[in-house]
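Below is one structure, written out as structure tokens; comments come after it.
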Amino acid sequence: MTLSITALLSFSSVAASPNDINYYVIAKQAAPFQIENKADQHSGIVTDIVKKVFEGSQYAINYHSYPFNRMISILEGGGQANWITYGSPSWGGVQAKNLSEEPIYTVKHVLLSSKKNEFTFKNMKDIENKIVVLLHGFDYPQLTPFIQSGKVEELRVKDYQAAFRIVKKLQGDAAFVEMDSRIKYNLSELNLDREQYKTQSFNKIIPDYPIYLAFDPNMDKSIQTFINDRLKNMKSSGELD
């Protein structure tokens with residue numbers, strides 16, 4: 001019994017260490033920013049940056065993986081001390097309250113269509129009377145007026161495979177709006193031929209914007225300073241890019 005109590009106290013001490021960084025991952029929905037291959041295998045653009053920030057330091061990263069809505073509710077409730085994830089001022093909520101001084105990535109949205117019966121996008125008139133494919137859960141205020149007016153038809157799908165299939169089937173009559181990095185990643189993951197698709201910038205409608213590391217509003221100031229200094233060094237050396 002004495003040994004068990006000692007072990008428990010030891011564990012509690014480790015769990016509450018001020019050097020613990022609690023990194024929150026969106027399960028299965030955030031690739032290529034956060035990729036969870038197995039319970040203990042994490043990678044992705046944001047995850048790799050977080051790993052590099054704390055590499056060789058006294059800080060230890062604890063991974064917490066949850067579906068998006070569950071993660072947000074946990075973080076809004078306080079989360080584990082000194083938590084970190086990623087966010088942007090444009091997203092609002094807990095992912096916009098306390099951000100790193102340096103952006104870590106620029107998000108670019110594109111319009112994906114079929115190479116067959118292809119069209120050139122310059123403005124929304126070029127896709128009037130066409131179908132705009134969107135993933136469930138992703139809303140774009142910039143598109144809402146065009147959808148509500150009936151100038152474009154909205155079609156919601158549950159995953160990337162469905163989006164790519166519709167774009168390929170409805171040659172020239174449908175286009176998928178999504179982040180460029182996510183489209184490239186999922187085309188690769190599904191082993192689809194990129195040459196069958198045409199990608200065009202959509203930044204006239206959804207402007208490019210930066211994402212940052214998002215911190216616990218109550219994060220220890222010394223940890224925030226450490227992270228911001230590391231990011232500045234990584235940026236100046238070109239390592240962040």
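For the structure tokens, the naming scheme is as follows: chains receive sequential letters (A, B, ...) according to their order of presentation, residues are indexed from 1 within each chain, and ligands are indexed from 1 in presentation order.
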
Range 94-104 of chain A: which residues within 7 Å, counting only C-alpha atoms, same-chain residues fewer than 5 positions away excluded, as a ChimeraX atom specification?
/A:75-76,86-89,210-217,228,231-232

With distances taken over only C-alpha atoms, which of A:Ile21, A:Val133, A:Ile166, A:Leu143 is nearest to Gln58 in chain A?
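So, comparing all the options, the nearest one is A:Ile21.
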
My list of candidates is A:Pro18, A:Gly44, A:Gly172, A:Pro32. Which is closest to Leu111 in chain A when distances are computed with only C-alpha atoms?
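Of A:Pro18, A:Gly44, A:Gly172, A:Pro32, the one nearest Leu111 in chain A, counting only C-alpha atoms, is A:Gly172.
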
Point-to-point distance in Å for CA of Ile26 in chain A and CA of Phe68 in chain A
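These two atoms are separated by 5.3 Å.
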
Between A:Ser236, A:Asn22, A:Ala27, A:Arg230, which is the closest to Met71 in chain A once you count only C-alpha atoms?
A:Ala27
